[in-house]
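Please read the structure below before turning to the comments.
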Amino acid sequence: MQTAVQRPPAHIALPDAGPLAVALNDISISFAVPGRPVFKAVAPTSLHVREGEFVSIVGPTGCGKSTLLNATAGLLRPAGGTVTVFGERLEGLNAKAGYLFQQDALMPWKTALDNVAIALEVGGTRREEARAQAKEWLRKVGLARFVDRYPHELSGGQRKRVGLAQVLVRGPKILLMDEPFGPLDAQTRQIMGTLLLNLWAQDRKAVMFVTHDLEEAIALSDRVVIMSAGPEARIIGDFPIDLARPRDTADIRLDPRFHELYRDIWNQLKAEVVKTYGEETP
Amino acid sequence: MQTAVQRPPAHIALPDAGPLAVALNDISISFAVPGRPVFKAVAPTSLHVREGEFVSIVGPTGCGKSTLLNATAGLLRPAGGTVTVFGERLEGLNAKAGYLFQQDALMPWKTALDNVAIALEVGGTRREEARAQAKEWLRKVGLARFVDRYPHELSGGQRKRVGLAQVLVRGPKILLMDEPFGPLDAQTRQIMGTLLLNLWAQDRKAVMFVTHDLEEAIALSDRVVIMSAGPEARIIGDFPIDLARPRDTADIRLDPRFHELYRDIWNQLKAEVVKTYGEETP
Amino acid sequence: MHPVRLLFLQFLVALAVIGIWQIGSTVEIGGDYLLPEFFFSTPVEVGKRVWQMFASGMIWKHLSITLTETVLAFFIGSAGGVVFGFWFARKPVVAAVFDPYVKMANALPRVVLAPIFMLWLGLGIWSKVALGVTLVFFIVFFNVYQGVKEVSPVVLANARMMGMNERQLFRSVYWPSALSWMFSSLHTAVGFALVGAVVGEYLGSAAGLGYLIHQAEGVFDVTGVFAGMFILAAFVLVIDWGVSGIERRLLVWRPQPAADHG
Amino acid sequence: MHPVRLLFLQFLVALAVIGIWQIGSTVEIGGDYLLPEFFFSTPVEVGKRVWQMFASGMIWKHLSITLTETVLAFFIGSAGGVVFGFWFARKPVVAAVFDPYVKMANALPRVVLAPIFMLWLGLGIWSKVALGVTLVFFIVFFNVYQGVKEVSPVVLANARMMGMNERQLFRSVYWPSALSWMFSSLHTAVGFALVGAVVGEYLGSAAGLGYLIHQAEGVFDVTGVFAGMFILAAFVLVIDWGVSGIERRLLVWRPQPAADHG
Amino acid sequence: DVEKPDLTIGVGGKPLLYYLPLTLAERLGYFKDEGLNVEINDFGGGAKSLQALIGGSVDAVTGAYEHTIRMQQKRQDIRAVIDLGRYPGIVVAVRKDEADKIKSIADLKGAKIGVTAPGSSTYILMQYLFAKAGLKPDDASFIGVGSGASSVAAMQKGEIDAISHLDPVISKLESLDAIKILVDTRTTEGTETLFGGMNPAAVLYFKESFIKANPKTVQALTNAFYRTLKWLEKATPEQVAATVPEEYWLGDKALYMKAFEASRQAYSTDGNIDEASMKSALNLITATDPEIEASAIDLSKTFDGSFLSKVKTP
Ligand SMILES: Nc1ncnc2c1ncn2[C@@H]1O[C@H](COP(=O)(O)OP(=O)(O)OP(=O)(O)O)[C@@H](O)[C@H]1O
Ligand SMILES: Nc1ncnc2c1ncn2[C@@H]1O[C@H](COP(=O)(O)OP(=O)(O)OP(=O)(O)O)[C@@H](O)[C@H]1O
Ligand SMILES: [Mg+2]
Ligand SMILES: [Mg+2]
């Protein structure tokens, strides 16, 4: 906290500022694959995310990013190590977190509106109130005209945005987002990114953001961490992004510091990906 | 054909060269949404793809790109207009085309290897032969160590690559690819892009490639077409990419012509996306 | 398909069946009847008898009793199947412990249990309802149990992350997801509910369609037996039609199967 | 759960049931027996009788006949259900036309059809098999029919784009996708196959467990009836265990349900 | 002025000629005349109607006298109050094309014999006949063929060589000229030669406790049945056919009348069961069921003749 006050305008949460929202301490994760030795997806590794901190996770495909989010969400029990959420050891599901899954996770039997509204109703919000808020959120993600469509009547990007609204509408203190903007065009990505940043700025959420778009990661985050190629993936790089806030996600890409950071991260990442293909690429 | 010979090295198929592989003539596509007026997703629009031509389709999310591919695949019957494949009117499925779906479409009850092998076995290839080829393809997409995993035991990007192998192994004359590299990291994307280009260069495939990554579209394609925001989406821009072949998908981004093209396409696209959000964005 | 064309085709099938039946039971082929009248009656006779039953009005009393039993057996049995199916699916320990007993119970010949039901429930409709329930329950139970376990793991994880408690999960996830499983079993169950009611009446009663059939059987009145069965079967269609109606309403969200022009 | 713990719990349940039964049938409560011996016998008696049946070896003949009938009914009925289920699901016109007739057939009380089966198939095992088949068929049919229709549209589209013909689609898509539906129905069907065989024997036969039960009933030997039912039920477990084994082998590809520590 | 005007009577196969007096009493209105409102419940067999009586869901049963003896062994006090059929009415016959080979019970060794159900009275009679002829119970195979059309089918298809059955199946088979009769217990002659006297078949029985609690009701029922027996004694086949529901005619009035004519001697004329008949019945059971010891049975508790002696008919 003491360092935070010295810095430029608002909302800069640095690694060493504020209490811990999520702490993954030396967690390792394995999968039992029938008829094979246990697959050690994630080797003992640690990651700490402070309250109000926006952390992006990048890494080669299949390294273990989704697995890490699953463990933070409490959906996967790590084979070793502990997960703490706001100082408390996580048992069962992480009730403080909202999770936007990499796969489609909408309920196919509910319309877009109901899919978003249910997230509020679960918490006890009255039905009409929930629907009104849900409508507002669907408008924000650009789906005002699609509120009463069932998921199978939406395009891939539209479904993803419904999922986004579903998670954000609840206002969770911790946001776990697994390639949330993957199937969106560049322009929509920026709009959604801005939306997310505004929200984040309002109430000091902790965000763990998985993406393959390094520019996006840098533009949005306080920190970018790099995972090594699996199996036994670990976090091998941790880059604080010291760009001023608030940021314009489009303009910031013109900042020379942005390019410097990009190059540094990219070089490490590239080396890592090449490792995956080391013996395998044609 | 006569123009093709005058051009630089190999494999440059321009819009006016070679016979038509796919011709969408004034097709329009509508969806019946229960309790609502028919949703006119695609307004009468035309798109011609020549043999050996690599066409990328870009457009705002939800505009109708997947729908267009579905119509070309013969999975959706257009409400109006005709689809011709190599000069013949398409009735039923398009047997000449391989389609990589936007969604997960692997058979969950088959391992990665069997999922790829079955694509060959269907055509009558002997089982051992099919498996050998499948293994080779899985190696090419970087999954040599995951051949006997079931889809649910793979990460999102790994599943996508199995799907890619499944489509490519058959060597179809027409490739329909719906965001094939979406869930892959930038580095893997380039490796896969190069793989695809090599393959394409070998036997004059016609490719229809949907992507949200404009750089990727330009780096890979002979032409980039832009769709307008839906409903009643149309093709509103058609940019020939006159960059020399063969291309190095990484280096080409340094070419000044690349940036020119990027800017032109981006400007038109941006205007289009903003339209979608016209009344809706916060 | 156009509904008129469909009706026409259905009518053709009925015609073919009745035609074969009429010929088999009245025309001698190779010195023998294919469907001897003593065992099969003839469609004309059966038709006449059905007509008489309705014309004299005597059928209504029996029909209403059997129908009441069927509907009760159907509802109680399905409700039980749904409740236990969900409960077992959500409590793997309970399921594992009771699994062999459920399967044993499912294999008991209900005909033998009839005296016990009569002992407990008397001779009224309830002993017949009980018999129907023992058939319907298992059919629905096994399907609902499996249906709940087939819920998409991602959708389930998403719902749990929203903080749904067990009741909310049931309402918003398990129930809608298991619906198509449930309805599949309900179509079978409708028939079995009726079978249970009729067999119950057959084994001991003073009224109902099963009673009529039993009476007719004892005196070789095959016409009466077939007339009774025909009326039964026709009524099942009415109930099933109701089930399908509810199914259509509850499953509006499903994608229509693609107009398969391949 | 640890298998020993599971076995222990299952044993507890059996103990509780038998305990209630023993007390209900031998201890007078409020001037009356809860489970009068005349209708329920007592577990000790039943146990003794089962032991006798096996000790004297007389049971084997009957058991083998009933088991043969059950297994045949199960296989023929399920095979029929699978074939017709697939066929109807893939040919919507056929399904629409025959839909009402299938449902009517499902509602016919099989007990009444017994004479016809006997006429056609004689008094041997085949008339009993036929009775079992008519029960098993519908249970499997409705589930397979629905199972085929529930195939994921994307997976199906993908397979069709690979150029699969109808046979290949069946083998690689419809069949594996409908498997869990099929197995769900098979668990119900195992029990019903046995019920069919026993009811068939009950209505006319020279041997088999149904025959034994019927004989015992005729002389009010409830102990014999319960002993017969117990042996029946125990054997169903064996068959069902076989079905579950096959199920586990064929469905290895399914995700294990997440270790639910929520 | 009866204690229980609303009564349920159980029966296992009401349309059978075996239970004709019940249908007649109902159709002639004799129950009403006695101030009784009777509901008749039909069961899948005699055994089931007895179970219903013991379970308490019916008040009275028209069933086999034999049940009252068996129930003593099961510690259930069941008593008959009036006899309806004095002869068992069971017929043993062989298939026509076997008739020249099988001329007596002893020739049935190794044959396939159809009975209504294993353990039923038709089965027990065969066992009795076997014992008398010096055969062992497993010298032939006994096949339950049920009581409806399936028994006719079994005979027609040659699935069985002989049959032990009741009317109307026997009459139907006779009319089809499919069988030759060996033993006929529908007639005085046949029964006398077999048992040396009567052998009561259908009776009206109650639980002893019911009789004690509702003597007037029992009396009224006895009156109604006695009156029916008297009516039946003098009735012509036409009258009987005209009284029963048309559905009972087996699809053929002539056949029905013929069947009735064949069975009419079997109906009791006075409703009484004498000592000798009781013994004869007990004999039949003990000869075939080793579990029942004759010494343990108190025959005086199987039949209560006190109501019959007080019968008043209008
Ligand atoms: N259920 C499972 N069983 C076995 N292995 C699994 C399972 N789930 C994931 N894995 C393996 O664990 C590794 C990490 O998977 P994860 O889904 O976390 O990757 P990811 O980083 O999210 O990749 P992507 O960017 O492709 O989504 C992969 O190699 C994957 O094959
Ligand atoms: N089955 C359907 N019923 C109704 N509307 C549909 C259906 N499928 C698609 N649509 C609508 O058609 C439009 C085009 O959908 P399509 O999936 O082609 O978009 P897309 O360009 O692929 O988008 P994305 O980039 O998000 O994948 C969307 O507005 C969508 O809502
Ligand atoms: Mg992932
Ligand atoms: Mg799309």
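Residue numbering restarts at 1 for every chain of the structure tokens, chains are lettered A, B, ... in their displayed order, and ligands are numbered from 1 as they appear.
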Tell me, as a ChimeraX atom specification, which residues lie within 6 Å of range 222-239 of chain C, counting only C-alpha atoms; anything in the same chain fewer than 4 positions away does not count.
/C:41,46,50,213,216 /D:104,107
Show which residues sit within 10 Å of Gly182 in chain A, as a list in words. Count only C-alpha atoms, and ignore same-chain residues fewer than 4 positions away.
Gln102, Gly156, Gly157, Lys160, Asp178, Ala186, Arg189, Val210, Thr211, His212 and Asp213 of chain A; Glu179, Phe181, Gly182, Pro183, Leu184 and His212 of chain B
Selected residues written out, C-alpha atoms, as a PDB file, in the first residue's frame:
ATOM      1  CA  GLN A 102     -12.693 -21.697 -22.053  1.00  0.00           C
ATOM      2  CA  GLY A 156     -19.521 -18.550 -31.181  1.00  0.00           C
ATOM      3  CA  GLY A 157     -18.540 -14.999 -30.288  1.00  0.00           C
ATOM      4  CA  LYS A 160     -18.780 -16.091 -25.336  1.00  0.00           C
ATOM      5  CA  ASP A 178      -9.954 -18.261 -19.708  1.00  0.00           C
ATOM      6  CA  ALA A 186     -10.080  -7.271 -32.763  1.00  0.00           C
ATOM      7  CA  ARG A 189     -11.979  -7.330 -28.153  1.00  0.00           C
ATOM      8  CA  VAL A 210      -5.567 -16.279 -19.669  1.00  0.00           C
ATOM      9  CA  THR A 211      -4.947 -15.132 -23.213  1.00  0.00           C
ATOM     10  CA  HIS A 212      -2.872 -15.932 -26.263  1.00  0.00           C
ATOM     11  CA  ASP A 213      -2.808 -12.321 -27.345  1.00  0.00           C
TER      12      ASP A 213
ATOM     13  CA  GLU B 179     -11.040 -19.889 -36.650  1.00  0.00           C
ATOM     14  CA  PHE B 181      -5.974 -21.202 -34.753  1.00  0.00           C
ATOM     15  CA  GLY B 182      -8.211 -19.333 -32.291  1.00  0.00           C
ATOM     16  CA  PRO B 183      -7.160 -21.080 -29.093  1.00  0.00           C
ATOM     17  CA  LEU B 184      -3.466 -21.333 -30.001  1.00  0.00           C
ATOM     18  CA  HIS B 212     -10.303 -12.611 -36.311  1.00  0.00           C
TER      19      HIS B 212
END
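Taking only C-alpha atoms and all ligand atoms into account, every polymer residue with at least one atom at most 6 Å away from ligand 3 is listed here: Lys65 and Ser66 of chain A; Ser155 and Gly156 of chain B.
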Can you tell me, as a count of residues only, which residues in range 36-163 of chain E count as helix (DSSP H, G or I) by DSSP?
48
Find, counting only C-alpha atoms, the residue in D:Arg90, D:Arg254, D:His214, D:Lys48 that gets nearest to Ala47 in chain E.
D:His214
Hey, which bits of chain E sit within 8 Å of chain C, and for each residue what's the closest pair of atoms and how far apart in Å (one decimal), counting only C-alpha atoms, rows by chain and increasing number, as a Markdown table?
| residue | atom | partner | partner_atom | distance |
| --- | --- | --- | --- | --- |
| E:Gly13 | CA | C:Gly218 | CA | 6.7 |
| E:Lys14 | CA | C:Gln215 | CA | 7.3 |
| E:Pro15 | CA | C:Gly218 | CA | 6.2 |
| E:Leu16 | CA | C:Gly218 | CA | 6.7 |
| E:Glu39 | CA | C:Ala206 | CA | 7.2 |
| E:Ile40 | CA | C:Ala206 | CA | 6.0 |
| E:Asn41 | CA | C:Ala206 | CA | 4.4 |
| E:Asp42 | CA | C:Gly204 | CA | 5.2 |
| E:Phe43 | CA | C:Gly204 | CA | 3.7 |
| E:Gly44 | CA | C:Leu203 | CA | 4.1 |
| E:Gly45 | CA | C:Leu203 | CA | 7.6 |
| E:Lys48 | CA | C:Pro115 | CA | 6.7 |
| E:Ser49 | CA | C:Gly204 | CA | 7.7 |
| E:Gln51 | CA | C:Pro115 | CA | 6.5 |
| E:Ala52 | CA | C:Met118 | CA | 6.7 |
| E:Gly55 | CA | C:Leu119 | CA | 4.8 |
| E:Gly56 | CA | C:Leu119 | CA | 7.0 |
| E:Ser57 | CA | C:Gly122 | CA | 5.2 |
| E:Val58 | CA | C:Leu123 | CA | 7.9 |
| E:Ser147 | CA | C:Gly218 | CA | 7.0 |
| E:Gly148 | CA | C:Gly218 | CA | 5.4 |
| E:Ala149 | CA | C:Phe220 | CA | 6.0 |
| E:Pro168 | CA | C:Val219 | CA | 7.1 |
| E:Glu247 | CA | C:Asp221 | CA | 7.0 |
| E:Tyr248 | CA | C:Val219 | CA | 5.7 |
| E:Trp249 | CA | C:Val219 | CA | 7.1 |
| E:Leu250 | CA | C:Val219 | CA | 5.0 |
| E:Gly251 | CA | C:Asp221 | CA | 6.3 |
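CA of Lys103 in chain D to CA of Val133 in chain D spans 15.6 Å [interatomic distance, one decimal].
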Expected answer as a PyMOL selection string: chain B residues within 9 Å of chain C, only C-alpha atoms:
chain B and resi 34+74-77+91-93
Create the file for the chosen residues now, containing C-alpha atoms and written as a short mmCIF file (atom, residue, chain, number, x, y, z; two decimals), in the first residue's frame.
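The result, stored in part.cif:
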data_model
loop_
_atom_site.label_atom_id
_atom_site.label_comp_id
_atom_site.auth_asym_id
_atom_site.auth_seq_id
_atom_site.Cartn_x
_atom_site.Cartn_y
_atom_site.Cartn_z
CA PRO B 34 -39.62 -19.45 -32.77
CA GLY B 74 -23.82 -28.10 -47.67
CA LEU B 75 -24.88 -28.29 -44.03
CA LEU B 76 -27.22 -25.34 -44.41
CA ARG B 77 -29.48 -24.85 -47.39
CA GLU B 91 -27.02 -30.75 -53.62
CA GLY B 92 -26.60 -32.19 -50.16
CA LEU B 93 -23.17 -32.30 -48.61
#
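Note that CA of Gln166 in chain B and atom 24 (P, counted along the ligand's line) of ligand 2 are 22.1 Å apart.
Atom to atom, CA of Gly171 in chain A and CA of Gly123 in chain A stand 11.2 Å apart.
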Find the spatial neighbours of Phe86 in chain A, counting only C-alpha atoms, within a cut-off of 12 Å - ignore same-chain residues fewer than 6 positions away - and output them as a compact mmCIF listing (two decimals) with C-alpha atoms, in the first residue's frame.
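New file around34.txt:
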# COMPACT_ATOMS: atom_id res chain seq x y z
CA GLY A 18 -2.44 -4.83 -0.82
CA PRO A 19 -3.53 -8.11 0.77
CA LEU A 20 -3.42 -11.38 -1.17
CA ALA A 21 -6.60 -12.33 -2.99
CA VAL A 22 -5.30 -15.61 -4.34
CA ALA A 23 -2.21 -17.49 -3.31
CA LEU A 24 -1.19 -20.65 -5.06
CA HIS A 48 0.22 -14.77 -5.78
CA VAL A 49 -2.44 -12.33 -6.88
CA ARG A 50 -3.19 -9.31 -4.71
CA GLU A 51 -6.52 -7.66 -4.25
CA GLY A 52 -7.12 -5.27 -7.14
CA THR A 72 -8.03 -21.59 -8.17
CA ASN A 94 -14.09 -20.82 -4.44
CA ALA A 95 -17.22 -18.83 -3.63
CA LYS A 96 -15.46 -15.49 -4.13
CA ALA A 97 -14.58 -16.20 -7.74
CA LYS A 173 -14.20 -10.22 -6.08
CA ILE A 174 -11.98 -12.58 -8.07
CA LYS A 205 -11.19 -6.97 -8.28
CA ALA A 206 -8.41 -9.50 -8.56
May I have a table of the residues of chain A lying at most 7 Å from ligand 1, giving each one's closest pair of atoms and their distance in Å to one decimal, counting only C-alpha atoms and all ligand atoms, ordered by chain and ascending residue number, as a Markdown table?
| residue | atom | partner | partner_atom_place_in_ligand_line | distance |
| --- | --- | --- | --- | --- |
| A:Phe31 | CA | ligand 1 | 4 (C) | 4.7 |
| A:Ala32 | CA | ligand 1 | 4 (C) | 6.2 |
| A:Val33 | CA | ligand 1 | 4 (C) | 5.5 |
| A:Phe39 | CA | ligand 1 | 5 (N) | 6.3 |
| A:Ala41 | CA | ligand 1 | 12 (O) | 4.7 |
| A:Gly59 | CA | ligand 1 | 21 (O) | 6.7 |
| A:Pro60 | CA | ligand 1 | 25 (O) | 6.5 |
| A:Thr61 | CA | ligand 1 | 25 (O) | 3.9 |
| A:Gly62 | CA | ligand 1 | 23 (O) | 3.3 |
| A:Cys63 | CA | ligand 1 | 21 (O) | 4.0 |
| A:Gly64 | CA | ligand 1 | 18 (O) | 3.1 |
| A:Lys65 | CA | ligand 1 | 21 (O) | 3.6 |
| A:Ser66 | CA | ligand 1 | 22 (O) | 3.6 |
| A:Thr67 | CA | ligand 1 | 18 (O) | 3.6 |
| A:Leu68 | CA | ligand 1 | 18 (O) | 6.4 |
| A:Gly230 | CA | ligand 1 | 29 (O) | 6.1 |
| A:Pro231 | CA | ligand 1 | 29 (O) | 6.3 |
At a cut-off of 12 Å, using only C-alpha atoms, what residues contact Val190 in chain C? Leave out same-chain residues fewer than 5 positions from it and give the result as JSON, numbers by chain.
{"C": [67, 69, 70, 71, 72, 73, 74, 75, 76, 77, 78, 132, 133, 135, 136, 137, 139, 140, 183, 184, 185, 195, 196, 197, 232, 233, 235, 236, 237, 238, 239, 240, 241, 242, 243, 244], "D": [103, 104, 105, 106, 107, 108, 138, 139, 142]}
Neighbour list for range 100-108 of chain E as number ranges by chain, cut-off 8 Å, only C-alpha atoms, skip fewer than 6 positions in-chain
E: 94, 129-130, 133-135, 140, 162, 182
Can you tell me, as a count of residues only, what residues are no more than 8 Å from Ala178 in chain E when counting only C-alpha atoms, ignoring any on the same chain fewer than 6 positions away?
4
I'd like the neighbourhood of Glu216 in chain A as a ChimeraX atom specification, where a residue qualifies if any of its atoms comes within 12 Å (using only C-alpha atoms), though same-chain residues fewer than 2 positions away should be ignored.
/A:55-58,179-182,186-187,189-194,197,209-214,218-224,247-250,252-253,258,262
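Among the candidates A:Leu199, A:Leu154, A:Ile27, A:Ala244, the one nearest to ligand 2 when counting only C-alpha atoms and all ligand atoms is A:Leu154.
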